[in-house]
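**Student:** Just protein.txt, nothing more (compact mmCIF, C-alpha atoms and all ligand atoms):
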# COMPACT_ATOMS: atom_id res chain seq x y z
CA MET A 32 -3.03 12.55 -22.27
CA ALA A 33 -1.81 9.16 -21.17
CA ILE A 34 -0.60 9.15 -17.61
CA HIS A 35 2.06 6.52 -17.85
CA SER A 36 4.44 8.45 -20.04
CA GLY A 37 8.07 7.57 -19.54
CA ALA A 38 7.42 3.84 -19.47
CA PRO A 39 5.55 1.61 -21.86
CA ARG A 40 2.05 1.08 -20.61
CA ARG A 41 1.58 -2.51 -19.56
CA ALA A 42 -1.66 -4.21 -18.78
CA THR A 43 -1.21 -5.87 -15.41
CA LEU A 44 -4.53 -7.64 -15.15
CA ASP A 45 -4.79 -11.23 -16.22
CA ASP A 46 -8.03 -12.70 -17.52
CA ALA A 47 -9.05 -13.94 -14.09
CA GLU A 48 -8.88 -10.42 -12.68
CA ARG A 49 -10.70 -8.62 -15.50
CA PRO A 50 -14.21 -9.28 -14.10
CA LYS A 51 -13.15 -7.26 -11.08
CA LEU A 52 -13.27 -4.17 -13.27
CA ASP A 53 -17.05 -4.59 -13.45
CA GLN A 54 -17.11 -4.88 -9.67
CA LEU A 55 -15.13 -1.64 -9.45
CA ARG A 56 -17.44 0.06 -11.94
CA GLN A 57 -20.38 -0.81 -9.69
CA ALA A 58 -18.54 0.44 -6.61
CA LEU A 59 -17.87 3.73 -8.37
CA ALA A 60 -21.49 4.32 -9.37
CA PRO A 61 -22.47 6.16 -6.16
CA LEU A 62 -19.34 8.33 -6.43
CA ARG A 63 -19.93 9.52 -10.00
CA ASP A 64 -21.60 12.81 -9.18
CA GLU A 65 -19.84 13.45 -5.91
CA PRO A 66 -16.88 15.83 -6.00
CA GLY A 67 -13.71 14.91 -4.12
CA THR A 68 -14.20 11.15 -4.13
CA THR A 69 -10.91 10.14 -5.73
CA LEU A 70 -9.52 8.70 -2.50
CA GLU A 71 -12.67 6.72 -1.90
CA ALA A 72 -12.50 5.38 -5.45
CA LEU A 73 -8.87 4.34 -5.01
CA TYR A 74 -9.70 2.60 -1.73
CA ALA A 75 -12.47 0.73 -3.53
CA ALA A 76 -10.03 -0.37 -6.23
CA GLN A 77 -7.47 -1.51 -3.67
CA ASP A 78 -10.14 -3.41 -1.75
CA ILE A 79 -11.13 -5.26 -4.88
CA PHE A 80 -7.70 -5.95 -6.43
CA SER A 81 -5.47 -5.67 -3.30
CA TYR A 82 -3.60 -3.01 -5.31
CA VAL A 83 -4.48 -0.33 -7.85
CA PRO A 84 -3.65 -1.51 -11.36
CA PRO A 85 -3.38 0.96 -14.29
CA GLU A 86 -6.70 -0.29 -15.65
CA ALA A 87 -8.39 0.78 -12.41
CA VAL A 88 -6.87 4.25 -12.69
CA THR A 89 -8.24 4.53 -16.22
CA LEU A 90 -11.67 3.35 -15.12
CA ILE A 91 -11.79 5.69 -12.12
CA ALA A 92 -10.80 8.64 -14.31
CA LYS A 93 -13.50 7.75 -16.82
CA GLU A 94 -16.24 7.14 -14.27
CA LEU A 95 -15.45 10.22 -12.16
CA ARG A 96 -14.78 12.32 -15.26
CA LEU A 97 -11.30 13.31 -14.15
CA PRO A 98 -8.00 13.44 -16.02
CA GLU A 99 -6.04 10.21 -15.54
CA SER A 100 -3.08 12.33 -14.48
CA GLU A 101 -5.10 13.63 -11.53
CA VAL A 102 -6.12 10.16 -10.36
CA PHE A 103 -2.56 8.92 -10.83
CA GLY A 104 -1.26 11.91 -8.88
CA VAL A 105 -3.46 11.02 -5.90
CA LEU A 106 -2.49 7.36 -6.19
CA THR A 107 1.22 8.11 -6.05
CA PHE A 108 0.94 10.78 -3.35
CA TYR A 109 -0.39 8.46 -0.64
CA SER A 110 1.79 5.64 0.65
CA MET A 111 -1.16 3.42 1.59
CA PHE A 112 -1.91 2.63 -2.04
CA HIS A 113 -0.09 -0.12 -3.89
CA ARG A 114 0.60 -0.09 -7.59
CA LYS A 115 1.59 -3.74 -7.73
CA PRO A 116 0.15 -6.81 -6.02
CA ALA A 117 0.96 -6.37 -2.37
CA ALA A 118 2.21 -8.89 0.16
CA ALA A 119 -0.32 -10.24 2.66
CA TYR A 120 1.35 -8.10 5.34
CA VAL A 121 2.84 -4.76 4.41
CA LEU A 122 5.08 -3.51 7.19
CA ARG A 123 5.29 0.29 6.98
CA VAL A 124 8.03 1.67 9.17
CA CYS A 125 8.07 5.42 9.77
CA ARG A 126 11.37 6.96 8.71
CA ASP A 127 10.76 10.53 9.88
CA LEU A 128 13.14 12.19 12.31
CA SER A 129 11.48 11.36 15.64
CA CYS A 130 11.04 7.71 14.75
CA HIS A 131 14.49 7.59 13.18
CA LEU A 132 16.09 8.88 16.37
CA THR A 133 14.20 6.42 18.57
CA GLY A 134 15.16 3.30 16.63
CA ALA A 135 13.26 2.96 13.36
CA PRO A 136 16.41 2.01 11.39
CA GLN A 137 17.07 -0.90 13.78
CA VAL A 138 13.46 -2.06 13.42
CA LEU A 139 13.68 -1.97 9.64
CA HIS A 140 17.04 -3.74 9.72
CA ALA A 141 15.58 -6.48 11.95
CA PHE A 142 12.71 -7.01 9.51
CA ASN A 143 14.93 -7.10 6.48
CA GLN A 144 17.40 -9.49 8.11
CA ALA A 145 14.69 -11.83 9.33
CA LEU A 146 12.90 -11.78 5.99
CA GLY A 147 15.97 -11.90 3.76
CA ALA A 148 14.41 -9.15 1.67
CA ARG A 149 15.10 -5.48 1.10
CA VAL A 150 12.66 -2.61 1.45
CA GLY A 151 10.04 -2.83 -1.28
CA GLU A 152 10.62 -6.52 -2.06
CA VAL A 153 7.87 -9.06 -1.50
CA THR A 154 9.14 -12.21 0.21
CA GLU A 155 8.99 -15.41 -1.82
CA ASP A 156 6.07 -16.76 0.19
CA GLY A 157 4.13 -13.58 -0.61
CA LEU A 158 3.60 -12.88 3.07
CA PHE A 159 5.72 -9.79 3.74
CA GLU A 160 6.95 -6.56 2.30
CA THR A 161 8.60 -3.69 4.17
CA GLU A 162 8.22 -0.03 3.34
CA SER A 163 9.99 3.00 4.73
CA VAL A 164 7.40 5.78 4.87
CA SER A 165 6.82 9.30 6.12
CA CYS A 166 5.05 10.09 9.39
CA LEU A 167 2.19 7.69 10.05
CA GLY A 168 0.55 10.04 12.51
CA LEU A 169 1.55 7.68 15.33
CA CYS A 170 4.27 9.87 16.83
CA ASP A 171 3.22 8.94 20.37
CA LEU A 172 4.17 5.35 19.50
CA GLN A 173 7.62 6.07 18.09
CA PRO A 174 9.29 4.27 16.61
CA ALA A 175 6.01 3.38 15.01
CA LEU A 176 4.88 1.10 12.24
CA MET A 177 1.73 -0.17 10.65
CA VAL A 178 0.98 -3.70 9.51
CA ASN A 179 -1.63 -3.06 6.86
CA LEU A 180 -4.07 -0.94 8.91
CA GLU A 181 -2.88 -2.21 12.32
CA GLN A 182 -0.85 0.16 14.50
CA HIS A 183 2.26 -0.92 16.41
CA GLY A 184 4.74 0.84 18.67
CA PRO A 185 6.91 1.74 20.34
CA MET A 186 8.92 -0.90 18.46
CA THR A 187 12.30 -2.48 19.06
CA ALA A 188 14.23 -4.98 16.97
CA ASP A 189 13.13 -7.78 19.33
CA LYS A 190 9.50 -6.74 19.09
CA ALA A 191 9.83 -6.63 15.30
CA ARG A 192 11.02 -10.23 15.20
CA ALA A 193 8.24 -11.31 17.59
CA LEU A 194 5.72 -9.51 15.40
CA LEU A 195 6.89 -11.50 12.37
CA ASP A 196 6.39 -14.74 14.32
CA ASP A 197 2.89 -13.64 15.25
CA LEU A 198 2.02 -12.73 11.66
CA ARG A 199 3.44 -16.01 10.35
CA ALA A 200 1.24 -17.83 12.84
CA ARG A 201 -1.76 -15.93 11.47
CA GLY A 202 -0.79 -17.00 7.94
CA ALA A 203 -1.94 -15.38 4.71
CA ARG A 204 -5.16 -13.43 5.00
S1 LIG B 301 7.34 10.75 13.11
FE1 LIG B 301 7.04 8.60 13.03
S2 LIG B 301 4.92 8.32 13.24
FE2 LIG B 301 5.18 10.47 13.25
Hey, can you dump this file as structure tokens for me?
**Tutor:**
Amino acid sequence: MAIHSGAPRRATLDDAERPKLDQLRQALAPLRDEPGTTLEALYAAQDIFSYVPPEAVTLIAKELRLPESEVFGVLTFYSMFHRKPAAAYVLRVCRDLSCHLTGAPQVLHAFNQALGARVGEVTEDGLFETESVSCLGLCDLQPALMVNLEQHGPMTADKARALLDDLRARGAR
């Protein structure tokens, strides 16, 4: 059964990106006969595309001999996977209770004000996107956030603005 029921299925890959499917197929080869490698396969897809397009889900399902719905379920369960091209820096702010009570809303507000963008929107320069996510496992750093795979905390609104300056100075990856 198609996994994208409820919305018309759209191909998101342009011609320039299609060769990356072969790259993904090669990356999946060692995983084919290994059970429980869906996460690894999705990481491989995200490494190659910077997000996980529907075509990658289809390919992973085919190569790992899994239902597409299962691969899609894993993809949507974990917040570290993107289903659309991601910004260079994804700022994931924990919204769970402990972080909320210690200032996460102010941190998120500072980001969104400084960037002129709402949660989930990529800034026009393609550099930033904020996300409000569940516990990052960094409760000792509350309020905590991650910039891609980089851990930050405890954060304040001032530190959030300084972090943006630092990331801008680094430029696009
Ligand atoms: S509650 Fe925020 S990182 Fe765990």
**Student:** Using all atoms listed in the file, find the one residue out of A:Ala87, A:Ala117, A:Cys125, A:Ala47 that sits nearest to ligand LIG 301 (chain B).
**Tutor:**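 Ranking A:Ala87, A:Ala117, A:Cys125, A:Ala47 by distance to ligand LIG 301 (chain B), first place goes to A:Cys125.
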**Student:** Could you list, as JSON, numbers by chain, all the residues within 6 Å of ligand LIG 301 (chain B), counting only C-alpha atoms and all ligand atoms?
**Tutor:** {"A": [125, 127, 129, 130, 166, 167, 168, 169, 170, 173, 175]}
**Student:** Out of A:Arg114, A:Arg63, A:Arg49, A:Arg56, which residue has the shortest atom-to-atom distance to Ser81 (chain A) when counting all atoms listed in the file?
**Tutor:**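 Among the listed residues, the smallest separation from Ser81 (chain A) belongs to A:Arg114.
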**Student:** A:Gly151, A:Gly134, A:Pro66, A:Gly104: which is nearest Leu122 (chain A), counting only C-alpha atoms?
**Tutor:**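 Among the listed residues, A:Gly151 lies closest to Leu122 (chain A).
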**Student:** Using only C-alpha atoms, which of the listed residues (A:Glu162, A:Glu65, A:Asp46, A:Glu71) sits closest to Val138 (chain A)?
**Tutor:** A:Glu162
**Student:** For Phe103 (chain A), find every residue with an atom within 9 Å (counting only C-alpha atoms), except residues of its own chain fewer than 2 positions away, and show them as a PyMOL selection string.
**Tutor:** chain A and resi 34-35+85+88-89+92+98-101+105-108
**Student:** Suppose you want the space between CA of Tyr82 (chain A) and CA of Ala191 (chain A); what is it in Å?
**Tutor:**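 A separation of 24.9 Å between them.
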**Student:** Between CA of Tyr120 (chain A) and CA of Glu160 (chain A), what is the distance, to one decimal in Å?
**Tutor:**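 So the answer is 6.6 Å.
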**Student:** Just give me the gap between CA of Ser110 (chain A) and CA of Ser165 (chain A) in Å, one decimal is fine.
**Tutor:**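 Result for CA of Ser110 (chain A) versus CA of Ser165 (chain A): 8.3 Å, one decimal.
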**Student:** Using only C-alpha atoms, which residues sit within 10 Å of Leu55 (chain A) once same-chain residues fewer than 2 positions away are excluded, as a ChimeraX atom specification?
**Tutor:** /A:50-53,57-60,72-73,75-80,87,90-91
